[in-house]
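For reference, final.cif is printed below; it contains mmCIF, C-alpha atoms.
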```cif
data_final
#
loop_
_atom_site.group_PDB
_atom_site.id
_atom_site.type_symbol
_atom_site.label_atom_id
_atom_site.label_comp_id
_atom_site.auth_asym_id
_atom_site.auth_seq_id
_atom_site.Cartn_x
_atom_site.Cartn_y
_atom_site.Cartn_z
ATOM 1 C CA MET A 722 167.544 50.011 95.903
ATOM 2 C CA ARG A 723 163.910 51.149 95.972
ATOM 3 C CA LYS A 724 163.498 54.899 96.119
ATOM 4 C CA THR A 725 161.609 56.289 99.143
ATOM 5 C CA ILE A 726 158.752 57.345 96.880
ATOM 6 C CA LYS A 727 158.271 55.359 93.706
ATOM 7 C CA ALA A 728 157.654 58.167 91.223
ATOM 8 C CA ASP A 729 156.996 57.409 87.560
ATOM 9 C CA LEU A 730 156.824 59.871 84.672
ATOM 10 C CA VAL A 731 154.691 59.125 81.605
ATOM 11 C CA ILE A 732 155.430 61.164 78.459
ATOM 12 C CA ILE A 733 152.891 60.638 75.707
ATOM 13 C CA ASP A 734 153.980 60.861 72.062
ATOM 14 C CA PRO A 735 156.794 63.472 72.324
ATOM 15 C CA GLN A 736 157.591 62.951 68.637
ATOM 16 C CA ASN A 737 158.784 65.280 65.917
ATOM 17 C CA ASP A 738 155.611 65.074 63.868
ATOM 18 C CA PHE A 739 153.658 66.648 66.743
ATOM 19 C CA MET A 740 156.172 69.437 67.361
ATOM 20 C CA ASP A 741 155.643 72.967 66.074
ATOM 21 C CA ILE A 742 158.973 72.954 64.230
ATOM 22 C CA LEU A 743 159.086 75.579 61.490
ATOM 23 C CA ALA A 744 160.287 74.476 58.090
ATOM 24 C CA ASN A 745 163.513 75.888 56.696
ATOM 25 C CA PRO A 746 163.074 78.498 53.949
ATOM 26 C CA GLY A 747 162.601 76.741 50.653
ATOM 27 C CA ASP A 748 162.079 73.357 52.325
ATOM 28 C CA PRO A 749 159.611 71.454 50.099
ATOM 29 C CA VAL A 750 158.522 69.346 53.077
ATOM 30 C CA GLY A 751 156.044 71.035 55.342
ATOM 31 C CA PHE A 752 152.538 71.389 56.634
ATOM 32 C CA ALA A 753 150.615 74.647 56.890
ATOM 33 C CA LEU A 754 148.298 75.352 59.794
ATOM 34 C CA PRO A 755 145.591 78.018 59.613
ATOM 35 C CA GLY A 756 147.508 81.288 59.765
ATOM 36 C CA GLY A 757 149.998 80.379 57.069
ATOM 37 C CA ALA A 758 153.014 79.118 59.027
ATOM 38 C CA LYS A 759 154.704 76.147 57.404
ATOM 39 C CA PHE A 760 156.064 73.332 59.539
ATOM 40 C CA ARG A 761 158.422 70.425 58.941
ATOM 41 C CA SER A 762 156.185 68.338 61.166
ATOM 42 C CA THR A 763 153.165 66.741 59.520
ATOM 43 C CA LEU A 764 150.770 67.251 62.439
ATOM 44 C CA PRO A 765 152.178 70.110 64.561
ATOM 45 C CA VAL A 766 150.529 70.972 67.865
ATOM 46 C CA PRO A 767 151.037 74.669 68.699
ATOM 47 C CA GLY A 768 152.988 74.899 71.938
ATOM 48 C CA ALA A 769 154.410 71.372 71.811
ATOM 49 C CA LEU A 770 158.067 72.401 71.651
ATOM 50 C CA GLY A 771 157.677 74.519 74.767
ATOM 51 C CA ASP A 772 155.830 71.679 76.487
ATOM 52 C CA MET A 773 158.658 69.239 75.830
ATOM 53 C CA ALA A 774 161.286 71.771 76.920
ATOM 54 C CA ARG A 775 159.503 71.951 80.268
ATOM 55 C CA VAL A 776 159.408 68.138 80.476
ATOM 56 C CA ALA A 777 163.160 68.041 79.806
ATOM 57 C CA ALA A 778 163.755 70.653 82.519
ATOM 58 C CA LEU A 779 161.653 68.602 84.925
ATOM 59 C CA ILE A 780 163.730 65.475 84.277
ATOM 60 C CA LYS A 781 166.941 67.432 84.842
ATOM 61 C CA ARG A 782 165.548 68.765 88.127
ATOM 62 C CA VAL A 783 164.156 65.544 89.639
ATOM 63 C CA GLY A 784 165.756 62.813 87.526
ATOM 64 C CA ARG A 785 167.366 60.959 90.430
ATOM 65 C CA ARG A 786 163.997 60.795 92.177
ATOM 66 C CA LEU A 787 162.252 59.142 89.227
ATOM 67 C CA ASN A 788 161.836 55.404 89.493
ATOM 68 C CA ASP A 789 160.916 55.006 85.835
ATOM 69 C CA ILE A 790 160.145 57.030 82.716
ATOM 70 C CA HIS A 791 157.616 55.688 80.231
ATOM 71 C CA VAL A 792 157.505 57.202 76.733
ATOM 72 C CA THR A 793 154.698 56.269 74.358
ATOM 73 C CA LEU A 794 155.368 56.324 70.629
ATOM 74 C CA ASP A 795 152.617 56.790 68.069
ATOM 75 C CA SER A 796 153.700 54.330 65.370
ATOM 76 C CA HIS A 797 151.864 54.242 62.071
ATOM 77 C CA ARG A 798 152.099 52.804 58.585
ATOM 78 C CA VAL A 799 151.372 54.735 55.372
ATOM 79 C CA VAL A 800 148.256 52.621 54.851
ATOM 80 C CA ASP A 801 146.268 53.370 57.997
ATOM 81 C CA VAL A 802 142.546 53.722 58.612
ATOM 82 C CA ALA A 803 143.084 57.358 59.641
ATOM 83 C CA HIS A 804 145.368 58.308 56.724
ATOM 84 C CA PRO A 805 144.135 59.622 53.355
ATOM 85 C CA GLY A 806 145.513 56.713 51.310
ATOM 86 C CA PHE A 807 143.172 54.179 52.928
ATOM 87 C CA TRP A 808 140.096 55.887 51.453
ATOM 88 C CA ARG A 809 138.700 57.292 48.235
ATOM 89 C CA GLY A 810 135.598 59.331 47.525
ATOM 90 C CA GLU A 811 132.924 59.117 44.867
ATOM 91 C CA ASN A 812 135.191 61.217 42.638
ATOM 92 C CA GLY A 813 138.070 58.752 43.108
ATOM 93 C CA LYS A 814 140.154 61.190 45.179
ATOM 94 C CA HIS A 815 141.539 60.655 48.657
ATOM 95 C CA PRO A 816 140.022 62.624 51.537
ATOM 96 C CA THR A 817 141.919 65.688 52.681
ATOM 97 C CA PRO A 818 143.326 65.821 56.214
ATOM 98 C CA PHE A 819 140.771 66.595 58.949
ATOM 99 C CA THR A 820 137.921 65.023 56.967
ATOM 100 C CA ILE A 821 135.484 63.176 59.233
ATOM 101 C CA ILE A 822 134.128 59.900 57.883
ATOM 102 C CA SER A 823 130.928 58.670 59.483
ATOM 103 C CA ASN A 824 129.202 55.322 59.307
ATOM 104 C CA ALA A 825 126.506 56.994 57.185
ATOM 105 C CA ASP A 826 129.159 58.310 54.775
ATOM 106 C CA ILE A 827 130.372 54.767 54.126
ATOM 107 C CA LYS A 828 126.832 53.431 53.729
ATOM 108 C CA SER A 829 126.039 56.128 51.162
ATOM 109 C CA GLY A 830 129.226 55.532 49.204
ATOM 110 C CA MET A 831 130.543 59.043 49.850
ATOM 111 C CA TRP A 832 133.713 57.407 51.195
ATOM 112 C CA SER A 833 134.903 53.846 50.607
ATOM 113 C CA PRO A 834 138.023 51.917 51.588
ATOM 114 C CA ARG A 835 140.232 51.475 48.529
ATOM 115 C CA ASN A 836 140.044 47.734 49.074
ATOM 116 C CA GLN A 837 136.332 46.923 48.964
ATOM 117 C CA ALA A 838 136.969 43.746 50.940
ATOM 118 C CA TYR A 839 137.270 46.028 53.985
ATOM 119 C CA ARG A 840 133.919 47.806 53.505
ATOM 120 C CA GLN A 841 131.967 45.761 56.055
ATOM 121 C CA ARG A 842 134.842 45.949 58.505
ATOM 122 C CA MET A 843 134.836 49.741 58.221
ATOM 123 C CA LEU A 844 131.052 49.859 58.632
ATOM 124 C CA ASP A 845 131.404 47.825 61.812
ATOM 125 C CA TYR A 846 134.350 49.934 62.960
ATOM 126 C CA THR A 847 132.675 53.316 62.544
ATOM 127 C CA ALA A 848 129.457 51.985 64.098
ATOM 128 C CA SER A 849 131.455 50.880 67.159
ATOM 129 C CA LEU A 850 133.117 54.296 67.477
ATOM 130 C CA GLU A 851 129.840 56.142 67.256
ATOM 131 C CA ALA A 852 127.964 53.791 69.619
ATOM 132 C CA ALA A 853 130.689 54.255 72.248
ATOM 133 C CA GLY A 854 130.598 58.058 71.935
ATOM 134 C CA LYS A 855 134.261 58.214 70.935
ATOM 135 C CA PHE A 856 135.884 60.534 68.411
ATOM 136 C CA MET A 857 134.406 59.889 64.987
ATOM 137 C CA LEU A 858 136.886 58.609 62.437
ATOM 138 C CA MET A 859 139.042 61.562 61.375
ATOM 139 C CA ILE A 860 141.560 61.537 58.574
ATOM 140 C CA TRP A 861 144.915 62.934 59.696
ATOM 141 C CA PRO A 862 147.978 63.826 57.641
ATOM 142 C CA GLU A 863 150.356 60.872 57.416
ATOM 143 C CA HIS A 864 152.261 61.109 60.692
ATOM 144 C CA CYS A 865 154.675 59.209 62.919
ATOM 145 C CA LEU A 866 155.491 56.777 60.120
ATOM 146 C CA ILE A 867 157.682 54.006 61.487
ATOM 147 C CA GLY A 868 161.331 54.700 60.673
ATOM 148 C CA SER A 869 160.782 58.332 59.693
ATOM 149 C CA TRP A 870 162.163 61.543 61.203
ATOM 150 C CA GLY A 871 158.659 62.342 62.387
ATOM 151 C CA HIS A 872 158.536 59.155 64.461
ATOM 152 C CA ASN A 873 161.601 60.163 66.486
ATOM 153 C CA VAL A 874 161.464 61.762 69.932
ATOM 154 C CA VAL A 875 162.147 65.496 69.657
ATOM 155 C CA ASP A 876 165.895 66.172 70.088
ATOM 156 C CA GLU A 877 165.957 68.188 73.321
ATOM 157 C CA LEU A 878 163.920 65.590 75.183
ATOM 158 C CA ARG A 879 165.676 62.660 73.509
ATOM 159 C CA THR A 880 169.044 63.960 74.708
ATOM 160 C CA THR A 881 167.705 64.492 78.222
ATOM 161 C CA LEU A 882 166.286 60.967 78.334
ATOM 162 C CA ALA A 883 169.640 59.511 77.255
ATOM 163 C CA ASP A 884 171.424 61.530 79.942
ATOM 164 C CA TRP A 885 168.950 60.233 82.544
ATOM 165 C CA GLU A 886 169.655 56.657 81.477
ATOM 166 C CA ARG A 887 173.425 57.156 81.778
ATOM 167 C CA GLU A 888 173.284 58.960 85.114
ATOM 168 C CA ASN A 889 170.871 56.512 86.739
ATOM 169 C CA PHE A 890 171.954 53.273 85.041
ATOM 170 C CA ALA A 891 168.338 52.889 83.925
ATOM 171 C CA THR A 892 166.377 52.357 80.733
ATOM 172 C CA VAL A 893 163.441 54.364 79.454
ATOM 173 C CA ASP A 894 160.345 52.224 78.923
ATOM 174 C CA PHE A 895 159.186 52.882 75.351
ATOM 175 C CA VAL A 896 155.570 51.874 74.688
ATOM 176 C CA THR A 897 154.509 51.663 71.032
ATOM 177 C CA LYS A 898 150.952 52.008 69.789
ATOM 178 C CA GLY A 899 149.195 52.386 66.461
ATOM 179 C CA THR A 900 150.747 49.745 64.214
ATOM 180 C CA ASN A 901 147.411 48.068 63.411
ATOM 181 C CA THR A 902 146.116 49.374 60.077
ATOM 182 C CA PHE A 903 142.442 48.979 60.919
ATOM 183 C CA THR A 904 141.935 50.869 64.167
ATOM 184 C CA GLU A 905 142.906 54.224 65.632
ATOM 185 C CA HIS A 906 145.063 54.010 68.744
ATOM 186 C CA TYR A 907 145.016 57.302 70.639
ATOM 187 C CA GLY A 908 145.399 55.823 74.112
ATOM 188 C CA ALA A 909 148.493 53.967 75.274
ATOM 189 C CA LEU A 910 146.497 51.235 77.007
ATOM 190 C CA MET A 911 144.325 50.074 74.114
ATOM 191 C CA ALA A 912 143.076 50.921 70.632
ATOM 192 C CA GLU A 913 139.811 52.757 70.037
ATOM 193 C CA VAL A 914 138.265 49.497 68.848
ATOM 194 C CA PRO A 915 140.454 46.556 69.916
ATOM 195 C CA ASP A 916 141.104 43.903 67.280
ATOM 196 C CA PRO A 917 140.468 40.422 68.741
ATOM 197 C CA ALA A 918 143.218 39.036 66.485
ATOM 198 C CA ASP A 919 145.857 41.581 67.554
ATOM 199 C CA PRO A 920 147.015 41.640 71.202
ATOM 200 C CA SER A 921 148.772 44.996 70.647
ATOM 201 C CA THR A 922 145.345 46.659 70.343
ATOM 202 C CA GLN A 923 143.942 45.140 73.538
ATOM 203 C CA LEU A 924 144.344 46.304 77.120
ATOM 204 C CA ASN A 925 148.051 46.631 77.953
ATOM 205 C CA GLY A 926 147.845 44.920 81.314
ATOM 206 C CA SER A 927 151.583 44.896 81.939
ATOM 207 C CA PHE A 928 151.848 48.690 81.551
ATOM 208 C CA LEU A 929 148.805 49.132 83.773
ATOM 209 C CA SER A 930 150.356 46.900 86.449
ATOM 210 C CA VAL A 931 153.546 48.963 86.470
ATOM 211 C CA LEU A 932 151.519 52.137 86.991
ATOM 212 C CA GLN A 933 149.562 50.519 89.816
ATOM 213 C CA GLU A 934 152.845 49.853 91.640
ATOM 214 C CA ALA A 935 153.920 53.506 91.520
ATOM 215 C CA ASP A 936 153.294 55.902 94.413
ATOM 216 C CA VAL A 937 153.150 59.008 92.204
ATOM 217 C CA ILE A 938 152.586 59.261 88.455
ATOM 218 C CA GLY A 939 153.264 62.433 86.480
ATOM 219 C CA ILE A 940 151.754 62.595 82.986
ATOM 220 C CA ALA A 941 152.738 64.940 80.148
ATOM 221 C CA GLY A 942 152.689 64.818 76.349
ATOM 222 C CA GLU A 943 150.814 65.558 73.158
ATOM 223 C CA ALA A 944 148.125 66.220 72.417
ATOM 224 C CA SER A 945 145.971 67.062 75.423
ATOM 225 C CA SER A 946 142.828 66.795 73.303
ATOM 226 C CA HIS A 947 143.589 63.337 71.932
ATOM 227 C CA CYS A 948 146.337 60.929 72.944
ATOM 228 C CA VAL A 949 146.926 62.429 76.398
ATOM 229 C CA ALA A 950 143.216 62.644 77.199
ATOM 230 C CA THR A 951 142.487 59.143 75.917
ATOM 231 C CA THR A 952 145.465 57.588 77.712
ATOM 232 C CA ILE A 953 144.545 59.175 81.034
ATOM 233 C CA ARG A 954 140.894 58.214 80.671
ATOM 234 C CA GLN A 955 141.951 54.623 79.959
ATOM 235 C CA ILE A 956 144.182 54.633 83.052
ATOM 236 C CA VAL A 957 141.393 56.087 85.190
ATOM 237 C CA ASP A 958 138.873 53.526 83.919
ATOM 238 C CA ASN A 959 141.161 50.554 84.605
ATOM 239 C CA ILE A 960 143.648 51.310 87.376
ATOM 240 C CA GLY A 961 141.223 51.294 90.315
ATOM 241 C CA ASP A 962 139.770 54.233 92.251
ATOM 242 C CA GLU A 963 142.293 53.834 95.070
ATOM 243 C CA HIS A 964 145.075 54.876 92.668
ATOM 244 C CA LEU A 965 143.494 58.027 91.226
ATOM 245 C CA ARG A 966 144.940 60.549 93.703
ATOM 246 C CA LYS A 967 148.484 59.569 92.800
ATOM 247 C CA ILE A 968 148.011 60.659 89.171
ATOM 248 C CA HIS A 969 149.379 64.173 88.562
ATOM 249 C CA ILE A 970 148.547 65.838 85.246
ATOM 250 C CA LEU A 971 151.313 68.262 84.243
ATOM 251 C CA ALA A 972 149.019 70.832 82.683
ATOM 252 C CA ASP A 973 151.859 73.068 81.430
ATOM 253 C CA CYS A 974 153.420 70.153 79.526
ATOM 254 C CA MET A 975 150.628 69.445 77.034
ATOM 255 C CA SER A 976 148.684 71.326 74.364
ATOM 256 C CA PRO A 977 145.611 70.543 72.249
ATOM 257 C CA VAL A 978 145.246 70.001 68.528
ATOM 258 C CA PRO A 979 143.945 73.292 67.081
ATOM 259 C CA GLN A 980 140.382 73.442 65.851
ATOM 260 C CA ALA A 981 140.085 72.481 62.190
ATOM 261 C CA PRO A 982 137.784 74.660 60.054
ATOM 262 C CA GLY A 983 134.285 73.316 60.514
ATOM 263 C CA GLY A 984 135.527 70.595 62.839
ATOM 264 C CA PRO A 985 135.311 69.898 66.573
ATOM 265 C CA ASP A 986 136.625 72.471 69.043
ATOM 266 C CA PHE A 987 139.589 70.426 70.262
ATOM 267 C CA PRO A 988 140.940 73.086 72.675
ATOM 268 C CA ALA A 989 137.539 73.163 74.400
ATOM 269 C CA ILE A 990 137.512 69.363 74.522
ATOM 270 C CA ALA A 991 140.938 69.439 76.197
ATOM 271 C CA GLN A 992 139.777 71.953 78.801
ATOM 272 C CA GLN A 993 136.709 69.855 79.599
ATOM 273 C CA PHE A 994 138.909 66.787 79.936
ATOM 274 C CA LEU A 995 141.041 68.532 82.576
ATOM 275 C CA LYS A 996 137.928 69.554 84.509
ATOM 276 C CA ASP A 997 136.563 66.013 84.330
ATOM 277 C CA MET A 998 139.791 64.502 85.627
ATOM 278 C CA GLU A 999 140.073 66.994 88.471
ATOM 279 C CA ALA A 1000 136.509 66.065 89.443
ATOM 280 C CA ARG A 1001 137.537 62.382 89.474
ATOM 281 C CA GLY A 1002 140.256 63.175 92.022
ATOM 282 C CA LEU A 1003 143.357 63.498 89.832
ATOM 283 C CA VAL A 1004 145.834 66.256 90.690
ATOM 284 C CA LEU A 1005 146.293 69.123 88.221
ATOM 285 C CA THR A 1006 149.761 70.567 88.645
ATOM 286 C CA THR A 1007 152.744 72.010 86.784
ATOM 287 C CA SER A 1008 156.228 70.827 85.955
ATOM 288 C CA ASP A 1009 157.725 73.225 88.531
ATOM 289 C CA ALA A 1010 155.491 71.929 91.314
ATOM 290 C CA PHE A 1011 155.753 68.191 90.573
ATOM 291 C CA LEU A 1012 157.935 66.475 93.224
ATOM 292 C CA SER A 1013 159.026 69.854 94.566
#
```
What is this structure when it is put down as structure tokens?
Amino acid sequence: MRKTIKADLVIIDPQNDFMDILANPGDPVGFALPGGAKFRSTLPVPGALGDMARVAALIKRVGRRLNDIHVTLDSHRVVDVAHPGFWRGENGKHPTPFTIISNADIKSGMWSPRNQAYRQRMLDYTASLEAAGKFMLMIWPEHCLIGSWGHNVVDELRTTLADWERENFATVDFVTKGTNTFTEHYGALMAEVPDPADPSTQLNGSFLSVLQEADVIGIAGEASSHCVATTIRQIVDNIGDEHLRKIHILADCMSPVPQAPGGPDFPAIAQQFLKDMEARGLVLTTSDAFLS
């Protein structure tokens, strides 16, 4: 039976590799953020664990009122255009995480794909990114590798999602993104530069149609500066202006990637994104207020 209000919840990339999960003492696996803390996650977003705890609490509070829950999963391979192993520098070494590679860097030979057959493709790719005013190509730590612990949904939320499925005789809609080696895929609706030969990188019309049918859409996830911001912008650009007011951004359920030394100010980018979306007519709210 159709619920009185068709409310959907979208949770973007609630995966272990984005959680600020501290490493166990002596654990050889870890990633250090500025400040010295060492994490089991490969790309931890400060505040992410708290964000996902609030999402879990929201589902427990309003679960029976949710028509559907959509969970996007960043899904990468070791060899990926935004991972160190795809590239090598003039000295033969791989770039370190948070290195930005520009079109000019490739032209000069500062950075080259390890397989030179991809050089022109990467020149075209970075030129497309820069012409569109998107994030320049950034090298990230290997993250959300398919089949790894880091690819999994964080435990507290995963358990809550399973409980919701049992209680409501429903299934969570998992949406994968990022499997194409040659393009970044921040947004859930399409890759940064769609690959004409790969439908998974092109506009996800079926997901968009489902969102158009909802009366209310709550959106949470990680990170507010990247995958959340890009997904929401893609929805806004494609869903139709008449649907914008039904989109509720759960501002207390998302956090930005911290600023890398010498890199872009991602927290500021996230704040500007929220202002831009509010100006477009989207609703900024909190997990406590959503469907209250």
- note - atom CA of Gly908 of chain A and atom CA of Arg786 of chain A are separated by 26.4 Å
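Look at Gly768 of chain A: the protein and nucleic acid residues within 8 Å of it, using only C-alpha atoms and passing over chain neighbours fewer than 5 places away, are A:Met740, A:Asp741, A:Met975, A:Ser976.
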- Using the chain letters and numbers from the file, which residues does the PyMOL selection byres ((chain A and resi 945-954) around 9) grab, as a ChimeraX atom specification? /A:732-734,795,856,906-911,940-944,955-959,968,970,972,975-978,987-992,994-995,998
- Fewer than 2 positions away in the same chain doesn't count, so skip those; otherwise give me all residues within 12 Å of Phe928 of chain A, counting all atoms listed in the file, as a PyMOL selection string. chain A and resi 729+731+789-793+894-897+909-911+921+923-926+930-935+952+955-956+959-960
Output C-alpha atoms for every residue in that selection, as a PDB file, in the frame of the given file.
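Contents of out_4.pdb, as written:
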```pdb
ATOM      1  CA  ASP A 729     156.996  57.409  87.560  1.00  0.00           C
ATOM      2  CA  VAL A 731     154.691  59.125  81.605  1.00  0.00           C
ATOM      3  CA  ASP A 789     160.916  55.006  85.835  1.00  0.00           C
ATOM      4  CA  ILE A 790     160.145  57.030  82.716  1.00  0.00           C
ATOM      5  CA  HIS A 791     157.616  55.688  80.231  1.00  0.00           C
ATOM      6  CA  VAL A 792     157.505  57.202  76.733  1.00  0.00           C
ATOM      7  CA  THR A 793     154.698  56.269  74.358  1.00  0.00           C
ATOM      8  CA  ASP A 894     160.345  52.224  78.923  1.00  0.00           C
ATOM      9  CA  PHE A 895     159.186  52.882  75.351  1.00  0.00           C
ATOM     10  CA  VAL A 896     155.570  51.874  74.688  1.00  0.00           C
ATOM     11  CA  THR A 897     154.509  51.663  71.032  1.00  0.00           C
ATOM     12  CA  ALA A 909     148.493  53.967  75.274  1.00  0.00           C
ATOM     13  CA  LEU A 910     146.497  51.235  77.007  1.00  0.00           C
ATOM     14  CA  MET A 911     144.325  50.074  74.114  1.00  0.00           C
ATOM     15  CA  SER A 921     148.772  44.996  70.647  1.00  0.00           C
ATOM     16  CA  GLN A 923     143.942  45.140  73.538  1.00  0.00           C
ATOM     17  CA  LEU A 924     144.344  46.304  77.120  1.00  0.00           C
ATOM     18  CA  ASN A 925     148.051  46.631  77.953  1.00  0.00           C
ATOM     19  CA  GLY A 926     147.845  44.920  81.314  1.00  0.00           C
ATOM     20  CA  SER A 930     150.356  46.900  86.449  1.00  0.00           C
ATOM     21  CA  VAL A 931     153.546  48.963  86.470  1.00  0.00           C
ATOM     22  CA  LEU A 932     151.519  52.137  86.991  1.00  0.00           C
ATOM     23  CA  GLN A 933     149.562  50.519  89.816  1.00  0.00           C
ATOM     24  CA  GLU A 934     152.845  49.853  91.640  1.00  0.00           C
ATOM     25  CA  ALA A 935     153.920  53.506  91.520  1.00  0.00           C
ATOM     26  CA  THR A 952     145.465  57.588  77.712  1.00  0.00           C
ATOM     27  CA  GLN A 955     141.951  54.623  79.959  1.00  0.00           C
ATOM     28  CA  ILE A 956     144.182  54.633  83.052  1.00  0.00           C
ATOM     29  CA  ASN A 959     141.161  50.554  84.605  1.00  0.00           C
ATOM     30  CA  ILE A 960     143.648  51.310  87.376  1.00  0.00           C
TER      31      ILE A 960
END
```
- Message: Which residues would end up in the selection if the PyMOL selection byres ((chain A and resi 873) around 10) were applied here, given that I need the answer as a VMD selection string?
- Response: chain A and resid 734 to 738 794 to 796 865 to 872 874 to 876 879
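Using all atoms listed in the file, the smallest distance between any of A:Pro816, A:Gly771, A:Gly983, A:Gly784 and Asn889 of chain A comes from A:Gly784.
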- Message: Can you translate the PyMOL selection byres ((chain A and resi 860) around 6) into the concrete residues it hits in this file, as a VMD selection string?
- Response: chain A and resid 803 to 804 818 to 820 859 861
- Item | Pick from A:Val914, A:Trp832, A:Lys781, A:Asp962 nearest to Asp845 of chain A, counting only C-alpha atoms | A:Val914
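Atom CA of Leu764 of chain A to atom CA of Pro979 of chain A spans 10.2 Å [interatomic distance, one decimal].
From atom CA of Val937 of chain A back to atom CA of Leu730 of chain A, the distance works out to 8.4 Å.
Using all atoms listed in the file for every distance, the candidate list A:Asn812, A:Phe903, A:Gly830, A:Met857 yields A:Phe903 as the residue closest to Met843 of chain A.
Proximity ranking of A:Val776, A:Ala1000, A:Ala758, A:Ile726 relative to Thr880 of chain A places A:Val776 first, based on only C-alpha atoms.
Of the listed residues (A:Pro862, A:Pro915, A:Arg761, A:Ile780), A:Pro862 comes nearest to Gly806 of chain A; the distances count all atoms listed in the file.
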Using only the atoms of segment 878-882 of chain A listed in the file, plus 6 Å on each side, state the axis-aligned box centre and edge lengths in Å rounded to one decimal, as AutoDock Vina command-line options.
```
--center_x 166.5 --center_y 63.3 --center_z 75.9 --size_x 17.1 --size_y 16.6 --size_z 16.8
```
Extract, using only C-alpha atoms, all DNA, RNA and protein residues at most 10 Å from Thr1006 of chain A, discarding same-chain residues fewer than 2 positions from it, and format them as an mmCIF file with C-alpha atoms, keeping the file's coordinate frame.
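Final output, out-v6.cif:
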```
data_model
loop_
_atom_site.group_PDB
_atom_site.id
_atom_site.type_symbol
_atom_site.label_atom_id
_atom_site.label_comp_id
_atom_site.auth_asym_id
_atom_site.auth_seq_id
_atom_site.Cartn_x
_atom_site.Cartn_y
_atom_site.Cartn_z
ATOM 1 C CA GLY A 939 153.264 62.433 86.480
ATOM 2 C CA ILE A 940 151.754 62.595 82.986
ATOM 3 C CA HIS A 969 149.379 64.173 88.562
ATOM 4 C CA ILE A 970 148.547 65.838 85.246
ATOM 5 C CA LEU A 971 151.313 68.262 84.243
ATOM 6 C CA ALA A 972 149.019 70.832 82.683
ATOM 7 C CA ASP A 973 151.859 73.068 81.430
ATOM 8 C CA CYS A 974 153.420 70.153 79.526
ATOM 9 C CA LEU A 1003 143.357 63.498 89.832
ATOM 10 C CA VAL A 1004 145.834 66.256 90.690
ATOM 11 C CA SER A 1008 156.228 70.827 85.955
ATOM 12 C CA ASP A 1009 157.725 73.225 88.531
ATOM 13 C CA ALA A 1010 155.491 71.929 91.314
ATOM 14 C CA PHE A 1011 155.753 68.191 90.573
#
```
- The residue from A:Thr904, A:Ile821, A:Ala912, A:Glu999 with the smallest atom-to-atom distance to Tyr846 of chain A, counting all atoms listed in the file, is A:Thr904
